[in-house]
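data-v3.pdb (PDB, C-alpha atoms)
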```pdb
ATOM      1  CA  MET A1134     163.681  70.352 200.811
ATOM      2  CA  SER A1135     162.556  73.620 199.702
ATOM      3  CA  GLU A1136     161.324  74.342 196.266
ATOM      4  CA  PRO A1137     163.492  76.333 193.882
ATOM      5  CA  ILE A1138     162.580  79.896 193.414
ATOM      6  CA  HIS A1139     161.795  80.826 189.811
ATOM      7  CA  GLU A1140     162.227  84.370 188.737
ATOM      8  CA  THR A1141     159.699  85.691 186.313
ATOM      9  CA  ALA A1142     160.203  88.617 184.035
ATOM     10  CA  ALA A1143     158.273  91.597 185.129
ATOM     11  CA  ALA A1144     155.618  92.696 182.690
ATOM     12  CA  PRO A1145     156.312  96.107 181.246
ATOM     13  CA  SER A1146     154.318  98.599 183.185
ATOM     14  CA  ARG A1147     152.502 101.481 181.647
ATOM     15  CA  ASP A1148     153.243 104.736 183.245
ATOM     16  CA  ALA A1149     150.391 106.108 185.212
ATOM     17  CA  ASN A1150     149.955 109.092 182.924
ATOM     18  CA  GLY A1151     149.379 107.064 179.680
ATOM     19  CA  ARG A1152     152.257 108.789 177.918
ATOM     20  CA  GLY A1153     152.502 106.032 175.269
ATOM     21  CA  ASP A1154     148.904 106.607 174.256
ATOM     22  CA  ARG A1155     149.440 110.341 173.962
ATOM     23  CA  VAL A1156     152.530 109.904 171.763
ATOM     24  CA  ALA A1157     150.646 107.518 169.486
ATOM     25  CA  LEU A1158     147.764 109.987 169.289
ATOM     26  CA  MET A1159     150.151 112.860 168.520
ATOM     27  CA  LEU A1160     151.523 110.863 165.591
ATOM     28  CA  LEU A1161     148.256 109.442 164.305
ATOM     29  CA  VAL A1162     146.245 112.671 164.191
ATOM     30  CA  PRO A1163     148.645 114.556 161.846
ATOM     31  CA  LEU A1164     149.039 111.466 159.634
ATOM     32  CA  LEU A1165     145.277 111.114 159.424
ATOM     33  CA  LEU A1166     144.921 114.814 158.538
ATOM     34  CA  VAL A1167     147.524 114.480 155.765
ATOM     35  CA  PHE A1168     145.700 111.427 154.407
ATOM     36  CA  VAL A1169     142.357 113.278 154.413
ATOM     37  CA  ALA A1170     143.977 116.284 152.692
ATOM     38  CA  ILE A1171     145.459 114.096 149.951
ATOM     39  CA  VAL A1172     142.174 112.295 149.372
ATOM     40  CA  SER A1173     140.356 115.651 149.267
ATOM     41  CA  VAL A1174     142.779 117.127 146.762
ATOM     42  CA  PHE A1175     142.730 114.158 144.411
ATOM     43  CA  TYR A1176     139.103 113.066 144.646
ATOM     44  CA  VAL A1177     136.915 115.869 145.975
ATOM     45  CA  PHE A1178     138.318 119.089 144.511
ATOM     46  CA  PHE A1179     140.340 117.730 141.608
ATOM     47  CA  SER A1180     140.632 114.789 139.286
ATOM     48  CA  ALA A1181     143.691 113.569 137.416
ATOM     49  CA  LEU A1182     144.332 113.151 133.709
ATOM     50  CA  GLN A1183     147.318 111.761 131.863
ATOM     51  CA  VAL A1184     148.392 113.665 128.756
ATOM     52  CA  ASP A1185     148.506 111.445 125.681
ATOM     53  CA  GLY A1186     150.605 112.814 122.837
ATOM     54  CA  PRO A1187     152.597 115.927 121.950
ATOM     55  CA  SER A1188     149.767 118.301 120.934
ATOM     56  CA  MET A1189     150.261 120.605 123.946
ATOM     57  CA  LEU A1190     154.062 120.927 123.787
ATOM     58  CA  PRO A1191     155.794 122.909 125.250
ATOM     59  CA  THR A1192     153.149 123.510 127.952
ATOM     60  CA  LEU A1193     152.366 119.829 128.608
ATOM     61  CA  HIS A1194     154.451 116.816 127.672
ATOM     62  CA  ASP A1195     153.339 113.327 126.673
ATOM     63  CA  GLN A1196     152.632 111.250 129.829
ATOM     64  CA  ASP A1197     152.428 114.283 132.167
ATOM     65  CA  ARG A1198     149.827 113.748 134.888
ATOM     66  CA  VAL A1199     147.698 116.837 135.398
ATOM     67  CA  LEU A1200     145.326 117.977 138.155
ATOM     68  CA  LEU A1201     141.960 119.122 136.786
ATOM     69  CA  THR A1202     139.372 121.177 138.609
ATOM     70  CA  HIS A1203     136.000 119.505 138.934
ATOM     71  CA  GLY A1204     133.744 121.316 136.523
ATOM     72  CA  TYR A1205     134.449 124.476 134.602
ATOM     73  CA  PRO A1206     131.814 127.112 135.300
ATOM     74  CA  VAL A1207     133.395 130.159 133.613
ATOM     75  CA  ALA A1208     135.511 129.823 130.491
ATOM     76  CA  ALA A1209     138.439 132.181 129.961
ATOM     77  CA  ARG A1210     140.686 132.627 126.943
ATOM     78  CA  GLY A1211     144.056 130.989 127.527
ATOM     79  CA  ASP A1212     142.839 128.338 129.975
ATOM     80  CA  VAL A1213     144.047 124.782 129.369
ATOM     81  CA  ILE A1214     141.070 122.446 129.653
ATOM     82  CA  ALA A1215     140.284 118.761 129.380
ATOM     83  CA  LEU A1216     137.223 117.936 127.341
ATOM     84  CA  GLN A1217     135.345 115.199 125.612
ATOM     85  CA  ALA A1218     135.303 115.556 121.841
ATOM     86  CA  THR A1219     134.370 113.446 118.856
ATOM     87  CA  ILE A1220     137.389 112.852 116.629
ATOM     88  CA  ASN A1221     137.091 110.700 113.512
ATOM     89  CA  GLY A1222     133.656 109.617 114.710
ATOM     90  CA  GLN A1223     135.005 108.344 118.053
ATOM     91  CA  PRO A1224     134.600 109.969 121.486
ATOM     92  CA  ASP A1225     137.945 110.980 122.967
ATOM     93  CA  ASP A1226     139.211 112.872 126.025
ATOM     94  CA  ILE A1227     141.571 115.630 124.908
ATOM     95  CA  ILE A1228     143.388 118.542 126.517
ATOM     96  CA  LYS A1229     143.615 121.885 124.678
ATOM     97  CA  ARG A1230     143.826 125.642 125.209
ATOM     98  CA  VAL A1231     140.729 127.878 125.014
ATOM     99  CA  ILE A1232     141.258 130.328 122.157
ATOM    100  CA  ALA A1233     137.814 131.905 121.771
ATOM    101  CA  LEU A1234     134.504 132.108 123.651
ATOM    102  CA  PRO A1235     130.892 132.116 122.435
ATOM    103  CA  GLY A1236     130.220 135.100 120.173
ATOM    104  CA  ASP A1237     133.921 135.654 119.345
ATOM    105  CA  SER A1238     135.073 135.782 115.735
ATOM    106  CA  VAL A1239     138.083 133.517 115.083
ATOM    107  CA  GLU A1240     140.317 133.572 112.024
ATOM    108  CA  ILE A1241     143.376 131.358 111.569
ATOM    109  CA  ARG A1242     146.347 132.717 109.607
ATOM    110  CA  ALA A1243     149.341 130.372 109.317
ATOM    111  CA  ASP A1244     148.247 128.559 112.525
ATOM    112  CA  VAL A1245     147.990 131.796 114.507
ATOM    113  CA  ALA A1246     144.542 132.644 115.850
ATOM    114  CA  TYR A1247     143.114 136.125 115.518
ATOM    115  CA  VAL A1248     140.209 136.585 117.936
ATOM    116  CA  ASN A1249     137.980 139.547 117.157
ATOM    117  CA  GLY A1250     140.811 140.834 114.930
ATOM    118  CA  VAL A1251     143.479 140.615 117.669
ATOM    119  CA  ARG A1252     146.373 138.137 117.477
ATOM    120  CA  GLU A1253     146.365 135.556 120.277
ATOM    121  CA  PRO A1254     149.029 136.014 122.989
ATOM    122  CA  GLN A1255     152.328 134.167 122.583
ATOM    123  CA  ARG A1256     152.527 131.201 124.945
ATOM    124  CA  GLY A1257     155.342 129.286 123.299
ATOM    125  CA  GLN A1258     153.106 127.827 120.575
ATOM    126  CA  ARG A1259     154.929 125.635 118.085
ATOM    127  CA  ILE A1260     154.073 126.427 114.491
ATOM    128  CA  ALA A1261     155.478 124.518 111.507
ATOM    129  CA  GLN A1262     155.219 126.825 108.508
ATOM    130  CA  ASP A1263     155.225 123.865 106.096
ATOM    131  CA  PHE A1264     152.000 122.536 107.632
ATOM    132  CA  ALA A1265     150.376 125.798 108.747
ATOM    133  CA  VAL A1266     146.598 126.025 108.414
ATOM    134  CA  ASN A1267     144.538 129.014 107.333
ATOM    135  CA  ALA A1268     140.816 129.276 108.062
ATOM    136  CA  PRO A1269     138.389 132.104 107.350
ATOM    137  CA  ALA A1270     136.761 133.995 110.190
ATOM    138  CA  ARG A1271     133.894 132.226 111.927
ATOM    139  CA  VAL A1272     131.807 133.086 114.952
ATOM    140  CA  VAL A1273     131.893 130.666 117.886
ATOM    141  CA  PRO A1274     128.288 129.586 118.596
ATOM    142  CA  GLU A1275     126.602 129.946 121.975
ATOM    143  CA  GLY A1276     127.480 127.096 124.351
ATOM    144  CA  ALA A1277     130.728 126.314 122.512
ATOM    145  CA  LEU A1278     134.459 127.049 122.787
ATOM    146  CA  TYR A1279     137.156 127.259 120.123
ATOM    147  CA  VAL A1280     140.194 125.273 121.314
ATOM    148  CA  MET A1281     143.660 124.633 119.899
ATOM    149  CA  GLY A1282     146.765 122.736 120.951
ATOM    150  CA  ASP A1283     150.011 124.620 121.549
ATOM    151  CA  ASN A1284     151.892 122.322 119.133
ATOM    152  CA  ARG A1285     149.852 123.336 116.092
ATOM    153  CA  ALA A1286     151.420 120.969 113.530
ATOM    154  CA  VAL A1287     150.177 117.841 115.365
ATOM    155  CA  SER A1288     147.086 119.087 117.196
ATOM    156  CA  GLU A1289     143.632 117.833 116.254
ATOM    157  CA  ASP A1290     141.544 120.751 117.470
ATOM    158  CA  SER A1291     138.781 123.203 116.528
ATOM    159  CA  ARG A1292     140.529 124.042 113.245
ATOM    160  CA  PHE A1293     139.567 120.531 112.082
ATOM    161  CA  ILE A1294     136.703 119.349 114.317
ATOM    162  CA  GLY A1295     134.968 122.686 114.905
ATOM    163  CA  PRO A1296     134.042 124.406 118.154
ATOM    164  CA  ILE A1297     133.619 122.147 121.209
ATOM    165  CA  GLN A1298     130.470 122.154 123.321
ATOM    166  CA  GLN A1299     131.059 123.572 126.802
ATOM    167  CA  ALA A1300     129.005 120.711 128.211
ATOM    168  CA  GLY A1301     131.873 118.364 127.255
ATOM    169  CA  VAL A1302     134.437 120.211 129.383
ATOM    170  CA  MET A1303     135.701 118.020 132.240
ATOM    171  CA  GLY A1304     137.745 120.712 134.020
ATOM    172  CA  ARG A1305     140.600 123.200 133.841
ATOM    173  CA  ALA A1306     144.187 121.974 134.119
ATOM    174  CA  VAL A1307     145.849 123.659 137.090
ATOM    175  CA  ALA A1308     149.099 121.776 137.715
ATOM    176  CA  VAL A1309     151.378 119.008 136.507
ATOM    177  CA  PHE A1310     152.044 116.675 139.450
ATOM    178  CA  SER A1311     153.945 113.860 137.744
ATOM    179  CA  PRO A1312     156.662 113.092 136.773
ATOM    180  CA  VAL A1313     158.401 114.758 139.705
ATOM    181  CA  ASN A1314     160.843 116.690 137.515
ATOM    182  CA  ARG A1315     157.875 118.332 135.702
ATOM    183  CA  ILE A1316     155.897 119.527 138.753
ATOM    184  CA  GLN A1317     154.601 122.993 137.847
ATOM    185  CA  MET A1318     151.503 125.145 137.527
ATOM    186  CA  VAL A1319     149.802 125.089 134.110
ATOM    187  CA  ARG A1320     149.766 128.486 132.421
TER     188      ARG A1320
END
```

So that I can check it, write out the structure of this file as structure tokens.
Amino acid sequence: MSEPIHETAAAPSRDANGRGDRVALMLLVPLLLVFVAIVSVFYVFFSALQVDGPSMLPTLHDQDRVLLTHGYPVAARGDVIALQATINGQPDDIIKRVIALPGDSVEIRADVAYVNGVREPQRGQRIAQDFAVNAPARVVPEGALYVMGDNRAVSEDSRFIGPIQQAGVMGRAVAVFSPVNRIQMVR
């Protein structure tokens, strides 16, 4: 008797040109580039900070996640910056707007800053007349910045803690990236 013939499944053959490898490479390279770009954005060029509290309303909301530049070489009036400050004897990371630079004279009238005699630009600041603060003119010392929150009634800022040392600046806020419905540039 003859032995039965068993059929075996043919192994899938690779095409001679290696097309499967090329397709995988065409998919992997762009994905790898996107991954590198994301890592670069979040860890090399920028860092992230979560806003804690309402002191920067309406510009920044509580729990917004913000991209910060690494470092802050040149201060400019109007920039929103993250900095390390001492509040009530405790170190704290805060986010505020730069109002005045070293050598500027700052006077506060009903929570509105007058820098070198000129009223600060309107940026949607919230001022509660019942709690408005007045402060006589003072000159910002070298190496320091005068900062204030946009929501003046609840902001613990230079009106109360004095000018902030530039060395404590962690970076400038450039964009809100979370939550998704709040994605925007910081102005």

Take the PyMOL selection byres ((chain A and resi 1300) around 10), apply it to the structure above, and return the hits as a list in words.
Gly1204, Tyr1205, Pro1206, Leu1216, Gln1217, Gly1276, Ala1277, Leu1278, Ile1297, Gln1298, Gln1299, Gly1301, Val1302 and Met1303 of chain A

10 Å contact set for stretch 1312-1314 of chain A, all atoms listed in the file, chain neighbours under 4 positions out, as JSON, numbers by chain
{"A": [1196, 1197, 1198, 1199]}

For the atom pair atom CA of A:Val1245 and atom CA of A:Met1189, what is the interatomic distance in Å to one decimal place?
14.8 Å

Neighbour list for stretch 1175-1184 of chain A as a list in words, cut-off 9 Å, all atoms listed in the file, skip fewer than 4 positions in-chain
Ala1170, Ile1171, Met1189, Leu1193, His1194, Asp1195, Gln1196, Asp1197, Arg1198, Val1199, Leu1200, Leu1201, Thr1202, His1203, Ala1215, Ile1227, Ile1228, Gly1304 and Ala1306 of chain A

What does the file look like for those residues with C-alpha atoms, as a CSV table (one decimal), in the frame of the given file?
```csv
chain,number,residue,atom,x,y,z
A,1170,ALA,CA,144.0,116.3,152.7
A,1171,ILE,CA,145.5,114.1,150.0
A,1189,MET,CA,150.3,120.6,123.9
A,1193,LEU,CA,152.4,119.8,128.6
A,1194,HIS,CA,154.5,116.8,127.7
A,1195,ASP,CA,153.3,113.3,126.7
A,1196,GLN,CA,152.6,111.2,129.8
A,1197,ASP,CA,152.4,114.3,132.2
A,1198,ARG,CA,149.8,113.7,134.9
A,1199,VAL,CA,147.7,116.8,135.4
A,1200,LEU,CA,145.3,118.0,138.2
A,1201,LEU,CA,142.0,119.1,136.8
A,1202,THR,CA,139.4,121.2,138.6
A,1203,HIS,CA,136.0,119.5,138.9
A,1215,ALA,CA,140.3,118.8,129.4
A,1227,ILE,CA,141.6,115.6,124.9
A,1228,ILE,CA,143.4,118.5,126.5
A,1304,GLY,CA,137.7,120.7,134.0
A,1306,ALA,CA,144.2,122.0,134.1
```

Using all atoms listed in the file, find the one residue out of A:Val1239, A:Pro1296, A:Gln1223, A:Val1167 that sits nearest to A:Arg1271.
A:Val1239

Residues of stretch 1135-1249 of chain A that approach stretch 1262-1270 of chain A to 8 Å or less, counting only C-alpha atoms: could you list each one with the shortest pair of atoms and its distance in Å to one decimal, rows by chain and increasing residue number, as a tab-separated table?
```
residue	atom	partner	partner_atom	distance
A:Ser1238	CA	A:Ala1270	CA	6.1
A:Val1239	CA	A:Ala1270	CA	5.1
A:Glu1240	CA	A:Ala1270	CA	4.0
A:Ile1241	CA	A:Ala1268	CA	4.8
A:Arg1242	CA	A:Asn1267	CA	4.7
A:Ala1243	CA	A:Ala1265	CA	4.7
A:Asp1244	CA	A:Val1266	CA	5.1
```

Atomic separation - atom CA of A:Gly1222 relative to atom CA of A:Pro1187, Å
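If I compute the distance from atom CA of A:Pro1187 to atom CA of A:Gly1222, I get 21.2 Å.
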
Between A:Pro1224, A:Ala1261, A:Leu1166, A:Val1272, which residue has the minimum interatomic distance to A:Tyr1247, considering all atoms listed in the file?
A:Val1272

Of the listed residues A:Leu1234, A:Gly1186, A:Ala1208, A:Val1251, that which approaches A:Asn1284 most closely, counting only C-alpha atoms:
A:Gly1186

Take the PyMOL selection byres ((chain A and resi 1289) around 12), apply it to the structure above, and return the hits as a count of residues only.
32

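The gap separating atom CA of A:Ile1316 from atom CA of A:Pro1163 is 24.7 Å, in Å to one decimal.
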
Check what the PyMOL selection byres ((chain A and resi 1236) around 6) selects in the file above and give those residues as JSON, numbers by chain.
{"A": [1235, 1237, 1272, 1273]}

Put a box with edges along x, y and z around all the listed atoms of stretch 1299-1303 of chain A, pad it by 5 Å on each side, then give me its centre and sizes in Å, one decimal, as AutoDock Vina command-line options.
```
--center_x 132.4 --center_y 120.8 --center_z 129.5 --size_x 16.7 --size_y 15.6 --size_z 15.4
```

Supply stretch 1243-1272 of chain A as a PDB file, in the frame of the given file, with N, CA and C atoms built in where the input has gaps.
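The resulting file, part04.pdb, is shown below:
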```pdb
ATOM      1  N   ALA A1243     148.080 131.110 109.114  1.00  0.00           N
ATOM      2  CA  ALA A1243     149.341 130.372 109.317  1.00  0.00           C
ATOM      3  C   ALA A1243     149.433 129.830 110.739  1.00  0.00           C
ATOM      4  N   ASP A1244     148.355 129.185 111.212  1.00  0.00           N
ATOM      5  CA  ASP A1244     148.247 128.559 112.525  1.00  0.00           C
ATOM      6  C   ASP A1244     148.263 129.529 113.700  1.00  0.00           C
ATOM      7  N   VAL A1245     148.104 130.801 113.439  1.00  0.00           N
ATOM      8  CA  VAL A1245     147.990 131.796 114.507  1.00  0.00           C
ATOM      9  C   VAL A1245     146.540 132.257 114.526  1.00  0.00           C
ATOM     10  N   ALA A1246     145.944 132.240 115.717  1.00  0.00           N
ATOM     11  CA  ALA A1246     144.542 132.644 115.850  1.00  0.00           C
ATOM     12  C   ALA A1246     144.438 134.151 116.042  1.00  0.00           C
ATOM     13  N   TYR A1247     143.464 134.725 115.346  1.00  0.00           N
ATOM     14  CA  TYR A1247     143.114 136.125 115.518  1.00  0.00           C
ATOM     15  C   TYR A1247     141.687 136.131 116.043  1.00  0.00           C
ATOM     16  N   VAL A1248     141.518 136.574 117.287  1.00  0.00           N
ATOM     17  CA  VAL A1248     140.209 136.585 117.936  1.00  0.00           C
ATOM     18  C   VAL A1248     139.701 138.016 117.951  1.00  0.00           C
ATOM     19  N   ASN A1249     138.566 138.208 117.297  1.00  0.00           N
ATOM     20  CA  ASN A1249     137.980 139.547 117.157  1.00  0.00           C
ATOM     21  C   ASN A1249     139.010 140.523 116.565  1.00  0.00           C
ATOM     22  N   GLY A1250     139.825 140.016 115.629  1.00  0.00           N
ATOM     23  CA  GLY A1250     140.811 140.834 114.930  1.00  0.00           C
ATOM     24  C   GLY A1250     142.140 141.006 115.652  1.00  0.00           C
ATOM     25  N   VAL A1251     142.266 140.456 116.870  1.00  0.00           N
ATOM     26  CA  VAL A1251     143.479 140.615 117.669  1.00  0.00           C
ATOM     27  C   VAL A1251     144.226 139.285 117.722  1.00  0.00           C
ATOM     28  N   ARG A1252     145.542 139.353 117.443  1.00  0.00           N
ATOM     29  CA  ARG A1252     146.373 138.137 117.477  1.00  0.00           C
ATOM     30  C   ARG A1252     146.401 137.560 118.892  1.00  0.00           C
ATOM     31  N   GLU A1253     146.316 136.224 118.966  1.00  0.00           N
ATOM     32  CA  GLU A1253     146.365 135.556 120.277  1.00  0.00           C
ATOM     33  C   GLU A1253     147.715 135.811 120.946  1.00  0.00           C
ATOM     34  N   PRO A1254     147.760 135.816 122.283  1.00  0.00           N
ATOM     35  CA  PRO A1254     149.029 136.014 122.989  1.00  0.00           C
ATOM     36  C   PRO A1254     150.008 134.872 122.725  1.00  0.00           C
ATOM     37  N   GLN A1255     151.299 135.190 122.745  1.00  0.00           N
ATOM     38  CA  GLN A1255     152.328 134.167 122.583  1.00  0.00           C
ATOM     39  C   GLN A1255     152.469 133.392 123.888  1.00  0.00           C
ATOM     40  N   ARG A1256     152.370 132.081 123.788  1.00  0.00           N
ATOM     41  CA  ARG A1256     152.527 131.201 124.945  1.00  0.00           C
ATOM     42  C   ARG A1256     153.506 130.086 124.622  1.00  0.00           C
ATOM     43  N   GLY A1257     154.392 130.327 123.690  1.00  0.00           N
ATOM     44  CA  GLY A1257     155.342 129.286 123.299  1.00  0.00           C
ATOM     45  C   GLY A1257     154.773 128.320 122.274  1.00  0.00           C
ATOM     46  N   GLN A1258     153.705 128.710 121.575  1.00  0.00           N
ATOM     47  CA  GLN A1258     153.106 127.827 120.575  1.00  0.00           C
ATOM     48  C   GLN A1258     154.163 127.401 119.557  1.00  0.00           C
ATOM     49  N   ARG A1259     154.043 126.157 119.122  1.00  0.00           N
ATOM     50  CA  ARG A1259     154.929 125.635 118.085  1.00  0.00           C
ATOM     51  C   ARG A1259     154.172 125.617 116.765  1.00  0.00           C
ATOM     52  N   ILE A1260     154.716 126.327 115.795  1.00  0.00           N
ATOM     53  CA  ILE A1260     154.073 126.427 114.491  1.00  0.00           C
ATOM     54  C   ILE A1260     155.054 125.962 113.429  1.00  0.00           C
ATOM     55  N   ALA A1261     154.648 125.005 112.616  1.00  0.00           N
ATOM     56  CA  ALA A1261     155.478 124.518 111.507  1.00  0.00           C
ATOM     57  C   ALA A1261     154.948 125.157 110.234  1.00  0.00           C
ATOM     58  N   GLN A1262     155.689 126.078 109.669  1.00  0.00           N
ATOM     59  CA  GLN A1262     155.219 126.825 108.508  1.00  0.00           C
ATOM     60  C   GLN A1262     154.833 125.922 107.333  1.00  0.00           C
ATOM     61  N   ASP A1263     155.529 124.781 107.203  1.00  0.00           N
ATOM     62  CA  ASP A1263     155.225 123.865 106.096  1.00  0.00           C
ATOM     63  C   ASP A1263     153.818 123.262 106.202  1.00  0.00           C
ATOM     64  N   PHE A1264     153.296 123.176 107.414  1.00  0.00           N
ATOM     65  CA  PHE A1264     152.000 122.536 107.632  1.00  0.00           C
ATOM     66  C   PHE A1264     150.962 123.507 108.182  1.00  0.00           C
ATOM     67  N   ALA A1265     151.257 124.795 108.150  1.00  0.00           N
ATOM     68  CA  ALA A1265     150.376 125.798 108.747  1.00  0.00           C
ATOM     69  C   ALA A1265     149.007 125.807 108.061  1.00  0.00           C
ATOM     70  N   VAL A1266     147.990 126.029 108.875  1.00  0.00           N
ATOM     71  CA  VAL A1266     146.598 126.025 108.414  1.00  0.00           C
ATOM     72  C   VAL A1266     146.063 127.453 108.401  1.00  0.00           C
ATOM     73  N   ASN A1267     145.272 127.754 107.407  1.00  0.00           N
ATOM     74  CA  ASN A1267     144.538 129.014 107.333  1.00  0.00           C
ATOM     75  C   ASN A1267     143.058 128.673 107.351  1.00  0.00           C
ATOM     76  N   ALA A1268     142.264 129.480 108.033  1.00  0.00           N
ATOM     77  CA  ALA A1268     140.816 129.276 108.062  1.00  0.00           C
ATOM     78  C   ALA A1268     140.138 130.635 108.115  1.00  0.00           C
ATOM     79  N   PRO A1269     139.078 130.808 107.343  1.00  0.00           N
ATOM     80  CA  PRO A1269     138.389 132.104 107.350  1.00  0.00           C
ATOM     81  C   PRO A1269     137.729 132.360 108.705  1.00  0.00           C
ATOM     82  N   ALA A1270     137.403 133.608 108.933  1.00  0.00           N
ATOM     83  CA  ALA A1270     136.761 133.995 110.190  1.00  0.00           C
ATOM     84  C   ALA A1270     135.428 133.267 110.360  1.00  0.00           C
ATOM     85  N   ARG A1271     135.179 132.844 111.576  1.00  0.00           N
ATOM     86  CA  ARG A1271     133.894 132.226 111.927  1.00  0.00           C
ATOM     87  C   ARG A1271     133.546 132.629 113.342  1.00  0.00           C
ATOM     88  N   VAL A1272     132.272 132.701 113.618  1.00  0.00           N
ATOM     89  CA  VAL A1272     131.807 133.086 114.952  1.00  0.00           C
ATOM     90  C   VAL A1272     131.566 131.815 115.762  1.00  0.00           C
TER      91      VAL A1272
END
```
